[in-house]
$ cat query.txt   # compact mmCIF, C-alpha atoms and all ligand atoms
# COMPACT_ATOMS: atom_id res chain seq x y z
CA MET A 1 119.12 91.36 80.16
CA ALA A 2 120.73 93.64 77.60
CA GLU A 3 121.18 92.12 74.18
CA TYR A 4 123.21 94.15 71.64
CA LYS A 5 122.10 94.50 68.06
CA PHE A 6 123.68 96.35 65.19
CA ILE A 7 121.09 98.42 63.43
CA GLY A 8 121.78 100.77 60.55
CA GLY A 9 125.45 101.09 61.45
CA GLY A 10 124.80 102.04 65.10
CA ILE A 11 124.35 99.94 68.18
CA THR A 12 121.05 99.68 69.98
CA MET A 13 120.12 97.56 72.93
CA ALA A 14 117.14 95.37 73.54
CA ASP A 15 116.38 94.81 77.20
CA GLU A 16 113.60 92.54 78.41
CA ARG A 17 113.38 94.50 81.65
CA ILE A 18 111.45 97.23 79.83
CA ILE A 19 107.88 96.39 78.91
CA ALA A 20 106.29 99.06 76.72
CA ALA A 21 102.54 99.46 77.20
CA LEU A 22 100.57 99.58 73.96
CA ASP A 23 97.66 101.58 75.36
CA LEU A 24 96.23 102.45 71.97
CA ARG A 25 92.86 101.82 70.36
CA THR A 26 93.60 100.39 66.92
CA LEU A 27 95.82 97.76 65.34
CA ALA A 28 97.15 100.37 62.91
CA GLU A 29 98.29 102.67 65.73
CA ALA A 30 99.91 99.76 67.56
CA GLU A 31 101.71 98.58 64.43
CA LYS A 32 102.98 102.10 63.75
CA LEU A 33 104.41 102.39 67.26
CA VAL A 34 106.02 98.93 67.18
CA GLU A 35 107.61 99.81 63.82
CA LYS A 36 108.93 103.11 65.20
CA LEU A 37 110.39 101.42 68.29
CA GLY A 38 112.01 98.72 66.16
CA ASP A 39 114.55 96.59 68.02
CA SER A 40 114.75 98.97 70.98
CA ILE A 41 111.76 97.24 72.60
CA VAL A 42 111.34 93.47 72.77
CA PHE A 43 108.56 93.19 75.38
CA TYR A 44 105.09 94.71 74.98
CA LYS A 45 102.12 94.95 77.30
CA VAL A 46 98.67 94.63 75.76
CA GLY A 47 95.95 95.88 78.07
CA MET A 48 92.20 96.31 78.06
CA GLU A 49 92.04 99.30 75.73
CA LEU A 50 93.75 97.54 72.83
CA PHE A 51 92.68 93.94 73.44
CA TYR A 52 88.99 94.81 73.83
CA ALA A 53 89.13 96.77 70.56
CA VAL A 54 91.34 94.50 68.46
CA GLY A 55 91.27 91.05 70.10
CA PRO A 56 93.74 88.25 69.30
CA GLU A 57 94.93 90.02 66.11
CA ILE A 58 97.31 92.16 68.15
CA ILE A 59 98.86 89.09 69.79
CA LYS A 60 99.29 87.44 66.40
CA TYR A 61 100.94 90.59 65.07
CA LEU A 62 103.40 90.89 67.97
CA LYS A 63 104.30 87.20 67.83
CA GLY A 64 104.95 87.60 64.11
CA LYS A 65 107.45 90.31 65.03
CA ASN A 66 109.13 87.99 67.58
CA LYS A 67 108.09 90.22 70.46
CA LYS A 68 107.32 89.01 73.96
CA ILE A 69 103.88 89.75 75.34
CA PHE A 70 102.41 90.61 78.73
CA LEU A 71 98.61 90.37 78.37
CA ASP A 72 97.38 92.66 81.14
CA LEU A 73 93.67 91.86 81.49
CA LYS A 74 93.71 91.67 85.33
CA LEU A 75 91.17 88.85 85.75
CA HIS A 76 89.04 89.18 88.89
CA ASP A 77 86.14 86.75 89.35
CA ILE A 78 85.26 83.49 91.07
CA PRO A 79 87.91 80.73 90.94
CA ASN A 80 86.39 78.62 88.16
CA THR A 81 85.74 81.61 85.88
CA VAL A 82 89.25 82.98 86.29
CA ALA A 83 90.95 79.59 85.84
CA GLU A 84 89.00 78.75 82.68
CA GLY A 85 89.39 82.30 81.35
CA LEU A 86 93.15 81.95 81.67
CA VAL A 87 93.04 78.61 79.86
CA SER A 88 91.28 80.32 76.95
CA LEU A 89 93.95 83.05 76.93
CA MET A 90 96.73 80.43 76.94
CA ARG A 91 95.78 79.49 73.38
CA LEU A 92 97.06 82.92 72.30
CA GLY A 93 100.63 82.07 73.34
CA VAL A 94 101.39 85.04 75.60
CA ASP A 95 104.40 85.14 77.95
CA ILE A 96 102.83 86.78 81.01
CA PHE A 97 99.22 87.24 82.10
CA ASN A 98 97.58 88.30 85.32
CA VAL A 99 94.82 88.23 87.90
CA HIS A 100 93.94 90.45 90.88
CA ALA A 101 95.46 89.15 94.11
CA SER A 102 92.44 90.57 95.95
CA GLY A 103 90.47 87.72 94.31
CA GLY A 104 91.98 85.67 97.13
CA PHE A 105 94.07 82.56 97.75
CA THR A 106 91.52 80.03 96.47
CA MET A 107 91.09 81.84 93.17
CA MET A 108 94.82 82.28 92.65
CA SER A 109 95.85 78.74 93.58
CA ARG A 110 93.16 77.23 91.35
CA ALA A 111 94.31 79.51 88.52
CA ALA A 112 97.98 78.56 88.96
CA GLN A 113 97.16 74.85 89.09
CA ARG A 114 94.88 75.00 86.04
CA VAL A 115 97.49 76.93 84.02
CA ARG A 116 100.16 74.31 84.85
CA GLU A 117 97.81 71.40 83.98
CA GLU A 118 96.85 72.97 80.67
CA ALA A 119 100.46 73.76 79.79
CA ASP A 120 101.36 70.10 80.42
CA LYS A 121 98.54 69.02 78.09
CA MET A 122 99.68 71.49 75.45
CA GLY A 123 103.33 70.47 75.88
CA ILE A 124 104.45 74.06 76.48
CA ASN A 125 106.11 76.00 79.28
CA PRO A 126 103.33 77.72 81.20
CA PRO A 127 103.08 81.48 80.73
CA LYS A 128 104.07 83.40 83.86
CA LEU A 129 101.04 84.11 86.02
CA ILE A 130 101.33 87.22 88.17
CA ALA A 131 98.92 89.14 90.42
CA ILE A 132 98.06 92.80 90.86
CA THR A 133 98.70 93.87 94.47
CA VAL A 134 97.62 97.51 94.94
CA LEU A 135 97.12 99.59 91.78
CA THR A 136 99.88 102.15 91.29
CA SER A 137 97.26 104.90 90.80
CA MET A 138 95.97 104.51 94.38
CA ASP A 139 96.92 107.26 96.79
CA GLY A 140 96.19 107.59 100.49
CA ASP A 141 92.74 109.12 99.95
CA ASP A 142 91.63 106.43 97.50
CA TRP A 143 92.94 103.85 99.92
CA ASP A 144 91.11 105.31 102.92
CA GLY A 145 87.94 105.46 100.81
CA LEU A 146 88.09 101.68 100.49
CA GLY A 147 88.05 101.41 104.27
CA MET A 148 91.52 99.89 104.27
CA HIS A 149 93.36 100.36 107.53
CA MET A 150 96.64 98.61 106.79
CA PRO A 151 99.16 100.94 105.05
CA ILE A 152 99.42 100.42 101.28
CA ASP A 153 102.94 99.01 101.43
CA GLU A 154 102.02 96.43 104.09
CA GLN A 155 98.99 95.36 102.09
CA ALA A 156 101.09 95.03 98.93
CA VAL A 157 103.59 92.77 100.73
CA ARG A 158 100.77 90.73 102.23
CA LEU A 159 99.18 90.21 98.80
CA ALA A 160 102.58 89.35 97.29
CA LEU A 161 103.15 86.66 99.92
CA LEU A 162 99.62 85.34 99.35
CA SER A 163 100.29 85.19 95.59
CA LYS A 164 103.55 83.33 96.17
CA ASP A 165 101.88 80.83 98.52
CA ALA A 166 99.18 80.28 95.90
CA GLY A 167 101.85 79.25 93.38
CA LEU A 168 102.01 82.39 91.24
CA ASP A 169 105.25 83.52 89.59
CA GLY A 170 105.15 87.11 90.77
CA VAL A 171 103.23 90.32 91.19
CA VAL A 172 102.52 93.74 89.76
CA ALA A 173 103.34 96.39 92.36
CA SER A 174 104.51 99.97 92.55
CA PRO A 175 108.21 100.79 92.70
CA HIS A 176 107.54 102.06 96.24
CA GLU A 177 106.79 98.56 97.50
CA ALA A 178 109.25 96.64 95.35
CA ALA A 179 112.08 96.55 97.90
CA ARG A 180 109.88 95.18 100.69
CA ILE A 181 108.31 92.62 98.36
CA ARG A 182 111.76 91.54 97.12
CA ARG A 183 112.93 90.98 100.71
CA ALA A 184 109.76 89.07 101.61
CA CYS A 185 109.40 86.93 98.47
CA GLY A 186 112.99 86.24 97.43
CA LYS A 187 115.14 86.73 94.38
CA ASN A 188 113.27 84.51 91.92
CA PHE A 189 109.89 86.17 92.37
CA MET A 190 108.83 88.45 89.50
CA ILE A 191 108.05 92.04 90.50
CA VAL A 192 106.68 93.99 87.56
CA THR A 193 106.35 97.71 88.29
CA PRO A 194 104.22 100.18 86.36
CA GLY A 195 104.12 103.73 87.75
CA VAL A 196 107.50 104.39 86.16
CA ARG A 197 108.35 107.94 85.13
CA PRO A 198 111.69 109.12 83.74
CA THR A 199 112.84 112.34 85.44
CA GLY A 200 110.90 115.32 84.10
CA SER A 201 107.84 113.41 82.86
CA THR A 202 104.38 113.98 84.25
CA ALA A 203 102.83 111.52 86.73
CA ASP A 204 99.47 111.53 84.86
CA ASP A 205 97.05 109.41 86.91
CA GLN A 206 99.82 107.46 88.65
CA SER A 207 100.47 108.06 92.36
CA ARG A 208 103.26 105.81 93.59
CA ILE A 209 105.95 106.46 90.99
CA ALA A 210 109.74 106.22 90.56
CA THR A 211 112.28 106.57 87.78
CA PRO A 212 113.21 103.46 85.76
CA GLU A 213 116.60 103.24 87.48
CA GLN A 214 115.12 103.58 90.97
CA ALA A 215 112.39 100.99 90.28
CA LEU A 216 115.01 98.42 89.24
CA LYS A 217 117.28 99.34 92.17
CA ASN A 218 114.30 98.78 94.47
CA GLY A 219 114.05 95.21 93.20
CA ALA A 220 111.72 95.31 90.20
CA SER A 221 112.45 92.51 87.75
CA GLN A 222 110.69 94.42 84.96
CA ILE A 223 109.28 97.92 84.52
CA VAL A 224 106.20 98.89 82.52
CA VAL A 225 106.34 102.20 80.67
CA GLY A 226 103.38 103.50 78.72
CA ARG A 227 102.75 107.22 78.14
CA PRO A 228 106.38 108.36 78.58
CA ILE A 229 107.11 106.29 75.45
CA TYR A 230 103.97 106.21 73.31
CA LYS A 231 103.07 109.87 73.87
CA ALA A 232 106.63 111.11 73.28
CA ASP A 233 107.33 113.19 70.15
CA ASP A 234 110.02 110.64 69.36
CA PRO A 235 109.07 107.31 71.01
CA ARG A 236 112.28 105.58 69.92
CA LYS A 237 114.41 108.30 71.50
CA ALA A 238 112.33 108.08 74.70
CA ALA A 239 112.85 104.29 74.83
CA GLU A 240 116.58 104.67 74.17
CA GLN A 241 116.91 107.24 76.94
CA ILE A 242 115.35 104.76 79.36
CA LEU A 243 117.69 102.02 78.09
CA ALA A 244 120.66 104.32 78.64
CA GLU A 245 119.45 105.18 82.15
CA ILE A 246 119.21 101.56 83.21
CA ASN A 247 122.38 100.40 81.41
CA PRO A 248 124.79 103.29 82.22
CA ALA A 249 127.96 101.25 81.71
CA ASP A 250 126.85 100.22 78.20
CA CYS A 251 126.59 103.73 76.76
O1 LIG B 1 98.94 98.83 89.22
C1 LIG B 1 98.96 98.94 87.98
C2 LIG B 1 98.69 97.90 87.12
C3 LIG B 1 98.76 98.09 85.77
N1 LIG B 1 99.08 99.28 85.25
C4 LIG B 1 99.15 99.44 83.78
O2 LIG B 1 100.47 99.84 83.40
C5 LIG B 1 100.41 100.83 82.38
C6 LIG B 1 101.08 102.08 82.85
O3 LIG B 1 101.00 103.07 81.87
P1 LIG B 1 101.64 104.51 82.02
O4 LIG B 1 101.14 105.25 80.82
O5 LIG B 1 103.13 104.31 82.04
O6 LIG B 1 101.14 105.12 83.29
C7 LIG B 1 98.95 101.00 82.02
O7 LIG B 1 98.68 100.18 80.89
C8 LIG B 1 98.20 100.46 83.22
O8 LIG B 1 96.98 99.84 82.85
C9 LIG B 1 99.34 100.33 86.10
O9 LIG B 1 99.63 101.46 85.66
N2 LIG B 1 99.29 100.12 87.44

$ encode --input "query.txt" --output "structure tokens"
Amino acid sequence: MAEYKFIGGGITMADERIIAALDLRTLAEAEKLVEKLGDSIVFYKVGMELFYAVGPEIIKYLKGKNKKIFLDLKLHDIPNTVAEGLVSLMRLGVDIFNVHASGGFTMMSRAAQRVREEADKMGINPPKLIAITVLTSMDGDDWDGLGMHMPIDEQAVRLALLSKDAGLDGVVASPHEAARIRRACGKNFMIVTPGVRPTGSTADDQSRIATPEQALKNGASQIVVGRPIYKADDPRKAAEQILAEINPADC
């Protein structure tokens, strides 16, 4: 939701529907970007590149700045290993974390149950546990190479329903499948969509992309934006343009 803040005499908006990906290699680079973005971004995604290099320090830093955190480590292993891995990550105090839905129902339901049990013990609200459906970089050729015969969108809906049945809070999917997943899984299910590109930006290695506005119209609850913000000459301006696009009445 949009939350208005007065900054330096002007108005800027913070909107938890935008999650900015911190795909950087050092704490110093991440801190510099977070400083530049200021109050325009309240939700950050920490993925493998940064977490493997910096570890829990980045989470501590973001929490110190009152930012929300999606820890995107995409766990994919046997049920016990994933469940206990998530329990270890819970100590960091993140808001969202994730597993691969292709790990299957048993893995996901054990993970969801273990996260709830541990949250009860810790006396906290459990972090949201979501599952990757089909990576947004996959195109038809990649998909065929895996020997998959069901179309990508059908498989994404199938994995979303499996995740919901297993007790997860939502999924990561491309904006192309968001509408079908929203219809199948209902209004309270989280649908986080990477593969978001403002008009005019390059697709990079993403295949199933849409603009921020279209992704949200399709039913995404949150959008992930990485390179269009952190590689921009002026990251704050890039973030504010996305905010303006998704909150047209507010500008
Ligand atoms: O299917 C997926 C799952 C995760 N991601 C992650 O989102 C960001 C996207 O970054 P861009 O620079 O905006 O392309 C990145 O961290 C991925 O690891 C995804 O893209 N697709």

$ closest_atom_pairs --input "query.txt" --of "chain A" --to "ligand LIG 1 (chain B)" --cutoff "8 Å" --atoms "all atoms listed in the file" --output "CSV"
residue,atom,partner,partner_atom,distance
A:Ala21,CA,B:LIG1,O7,5.4
A:Leu22,CA,B:LIG1,O7,7.2
A:Asp23,CA,B:LIG1,O7,5.8
A:Lys45,CA,B:LIG1,O7,7.2
A:Val46,CA,B:LIG1,O7,7.6
A:Gly47,CA,B:LIG1,O7,5.8
A:Met48,CA,B:LIG1,O8,7.6
A:Asp72,CA,B:LIG1,C3,7.3
A:Ile132,CA,B:LIG1,O1,6.3
A:Thr133,CA,B:LIG1,O1,7.2
A:Val134,CA,B:LIG1,O1,6.0
A:Leu135,CA,B:LIG1,O1,3.2
A:Thr136,CA,B:LIG1,O1,4.0
A:Ser137,CA,B:LIG1,N2,6.2
A:Val172,CA,B:LIG1,C2,6.2
A:Ala173,CA,B:LIG1,O1,5.9
A:Ser174,CA,B:LIG1,O1,6.6
A:Thr193,CA,B:LIG1,C1,7.5
A:Pro194,CA,B:LIG1,O2,4.8
A:Gly195,CA,B:LIG1,O9,5.4
A:Val196,CA,B:LIG1,O5,6.0
A:Arg197,CA,B:LIG1,O5,7.1
A:Ala203,CA,B:LIG1,O6,7.5
A:Asp204,CA,B:LIG1,O6,6.8
A:Asp205,CA,B:LIG1,O6,6.9
A:Gln206,CA,B:LIG1,O6,6.0
A:Val224,CA,B:LIG1,O2,5.9
A:Val225,CA,B:LIG1,O5,4.1
A:Gly226,CA,B:LIG1,O5,3.4
A:Arg227,CA,B:LIG1,O4,3.7
A:Pro228,CA,B:LIG1,O5,6.2
A:Ile229,CA,B:LIG1,O5,7.9

$ closest_residue --input "query.txt" --among "A:Asp142, A:Leu162, A:Ala83, A:Gln155" --to "Glu118 (chain A)" --atoms "all atoms listed in the file"
A:Ala83

$ closest_residue --input "query.txt" --among "A:Arg116, A:Lys63, A:Lys32, A:His149" --to "Tyr230 (chain A)" --atoms "all atoms listed in the file"
A:Lys32

$ atom_distance --input "query.txt" --atom1 "CA of Ile242 (chain A)" --atom2 "CA of Asp153 (chain A)"
26.0 Å

$ axis_aligned_box --input "query.txt" --around "region 135-145 of chain A" --padding-each-side "3 Å" --output "AutoDock Vina command-line options"
--center_x 93.9 --center_y 104.4 --center_z 96.9 --size_x 17.9 --size_y 15.5 --size_z 18.1

$ closest_residue --input "query.txt" --among "A:Glu29, A:Leu159, A:Val171, A:Val54" --to "Lys74 (chain A)" --atoms "all atoms listed in the file"
A:Val171

$ residues_near_point --input "query.txt" --point "(103.0, 74.2, 87.7)" --cutoff "12 Å" --atoms "only C-alpha atoms" --output "compact mmCIF listing (two decimals) with C-alpha atoms, in the frame of the given file"
# COMPACT_ATOMS: atom_id res chain seq x y z
CA SER A 109 95.85 78.74 93.58
CA ARG A 110 93.16 77.23 91.35
CA ALA A 111 94.31 79.51 88.52
CA ALA A 112 97.98 78.56 88.96
CA GLN A 113 97.16 74.85 89.09
CA ARG A 114 94.88 75.00 86.04
CA VAL A 115 97.49 76.93 84.02
CA ARG A 116 100.16 74.31 84.85
CA GLU A 117 97.81 71.40 83.98
CA GLU A 118 96.85 72.97 80.67
CA ALA A 119 100.46 73.76 79.79
CA ASP A 120 101.36 70.10 80.42
CA LYS A 121 98.54 69.02 78.09
CA ILE A 124 104.45 74.06 76.48
CA ASN A 125 106.11 76.00 79.28
CA PRO A 126 103.33 77.72 81.20
CA PRO A 127 103.08 81.48 80.73
CA LYS A 128 104.07 83.40 83.86
CA LEU A 129 101.04 84.11 86.02
CA ALA A 166 99.18 80.28 95.90
CA GLY A 167 101.85 79.25 93.38
CA LEU A 168 102.01 82.39 91.24
CA ASP A 169 105.25 83.52 89.59

$ residues_around --input "query.txt" --residues "Lys65 (chain A)" --least-positions-apart "2" --cutoff "12 Å" --atoms "all atoms listed in the file" --output "list in words"
Glu31, Val34, Glu35, Leu37, Gly38, Asp39, Ile41, Val42, Phe43, Tyr44, Ile58, Ile59, Lys60, Tyr61, Leu62, Lys63, Lys67, Lys68 and Ile69 of chain A

$ atom_distance --input "query.txt" --atom1 "CA of Phe105 (chain A)" --atom2 "CA of Pro79 (chain A)"
9.4 Å

$ closest_residue --input "query.txt" --among "A:Asp144, A:Asp77, A:Asp139, A:Glu177" --to "Val157 (chain A)" --atoms "only C-alpha atoms"
A:Glu177

$ build_atoms --input "query.txt" --residues "region 50-67 of chain A" --atoms "N, CA and C atoms" --output "PDB file, keeping the file's coordinate frame"
ATOM      1  N   LEU A  50      93.425  98.088  74.152  1.00  0.00           N
ATOM      2  CA  LEU A  50      93.750  97.540  72.830  1.00  0.00           C
ATOM      3  C   LEU A  50      93.123  96.159  72.620  1.00  0.00           C
ATOM      4  N   PHE A  51      93.185  95.302  73.649  1.00  0.00           N
ATOM      5  CA  PHE A  51      92.680  93.940  73.440  1.00  0.00           C
ATOM      6  C   PHE A  51      91.163  93.935  73.245  1.00  0.00           C
ATOM      7  N   TYR A  52      90.453  94.775  74.006  1.00  0.00           N
ATOM      8  CA  TYR A  52      88.990  94.810  73.830  1.00  0.00           C
ATOM      9  C   TYR A  52      88.600  95.334  72.446  1.00  0.00           C
ATOM     10  N   ALA A  53      89.450  96.195  71.882  1.00  0.00           N
ATOM     11  CA  ALA A  53      89.130  96.770  70.560  1.00  0.00           C
ATOM     12  C   ALA A  53      89.568  95.854  69.423  1.00  0.00           C
ATOM     13  N   VAL A  54      90.710  95.185  69.597  1.00  0.00           N
ATOM     14  CA  VAL A  54      91.340  94.500  68.460  1.00  0.00           C
ATOM     15  C   VAL A  54      91.293  92.979  68.604  1.00  0.00           C
ATOM     16  N   GLY A  55      91.309  92.505  69.865  1.00  0.00           N
ATOM     17  CA  GLY A  55      91.270  91.050  70.100  1.00  0.00           C
ATOM     18  C   GLY A  55      92.587  90.369  69.773  1.00  0.00           C
ATOM     19  N   PRO A  56      92.531  89.054  69.498  1.00  0.00           N
ATOM     20  CA  PRO A  56      93.740  88.250  69.300  1.00  0.00           C
ATOM     21  C   PRO A  56      94.639  88.708  68.147  1.00  0.00           C
ATOM     22  N   GLU A  57      94.103  89.531  67.242  1.00  0.00           N
ATOM     23  CA  GLU A  57      94.930  90.020  66.110  1.00  0.00           C
ATOM     24  C   GLU A  57      96.211  90.685  66.568  1.00  0.00           C
ATOM     25  N   ILE A  58      96.129  91.425  67.688  1.00  0.00           N
ATOM     26  CA  ILE A  58      97.310  92.160  68.150  1.00  0.00           C
ATOM     27  C   ILE A  58      98.371  91.168  68.671  1.00  0.00           C
ATOM     28  N   ILE A  59      97.913  90.089  69.261  1.00  0.00           N
ATOM     29  CA  ILE A  59      98.860  89.090  69.790  1.00  0.00           C
ATOM     30  C   ILE A  59      99.560  88.417  68.607  1.00  0.00           C
ATOM     31  N   LYS A  60      98.744  88.076  67.601  1.00  0.00           N
ATOM     32  CA  LYS A  60      99.290  87.440  66.400  1.00  0.00           C
ATOM     33  C   LYS A  60     100.337  88.358  65.743  1.00  0.00           C
ATOM     34  N   TYR A  61     100.013  89.629  65.685  1.00  0.00           N
ATOM     35  CA  TYR A  61     100.940  90.590  65.070  1.00  0.00           C
ATOM     36  C   TYR A  61     102.264  90.638  65.840  1.00  0.00           C
ATOM     37  N   LEU A  62     102.166  90.765  67.167  1.00  0.00           N
ATOM     38  CA  LEU A  62     103.400  90.890  67.970  1.00  0.00           C
ATOM     39  C   LEU A  62     104.231  89.618  67.904  1.00  0.00           C
ATOM     40  N   LYS A  63     103.558  88.468  67.920  1.00  0.00           N
ATOM     41  CA  LYS A  63     104.300  87.200  67.830  1.00  0.00           C
ATOM     42  C   LYS A  63     105.013  87.102  66.468  1.00  0.00           C
ATOM     43  N   GLY A  64     104.343  87.587  65.447  1.00  0.00           N
ATOM     44  CA  GLY A  64     104.950  87.600  64.110  1.00  0.00           C
ATOM     45  C   GLY A  64     106.206  88.462  64.056  1.00  0.00           C
ATOM     46  N   LYS A  65     106.277  89.425  64.968  1.00  0.00           N
ATOM     47  CA  LYS A  65     107.450  90.310  65.030  1.00  0.00           C
ATOM     48  C   LYS A  65     108.464  89.802  66.049  1.00  0.00           C
ATOM     49  N   ASN A  66     108.239  88.589  66.568  1.00  0.00           N
ATOM     50  CA  ASN A  66     109.130  87.990  67.580  1.00  0.00           C
ATOM     51  C   ASN A  66     109.208  88.792  68.868  1.00  0.00           C
ATOM     52  N   LYS A  67     108.112  89.456  69.217  1.00  0.00           N
ATOM     53  CA  LYS A  67     108.090  90.220  70.460  1.00  0.00           C
ATOM     54  C   LYS A  67     107.525  89.352  71.579  1.00  0.00           C
TER      55      LYS A  67
END
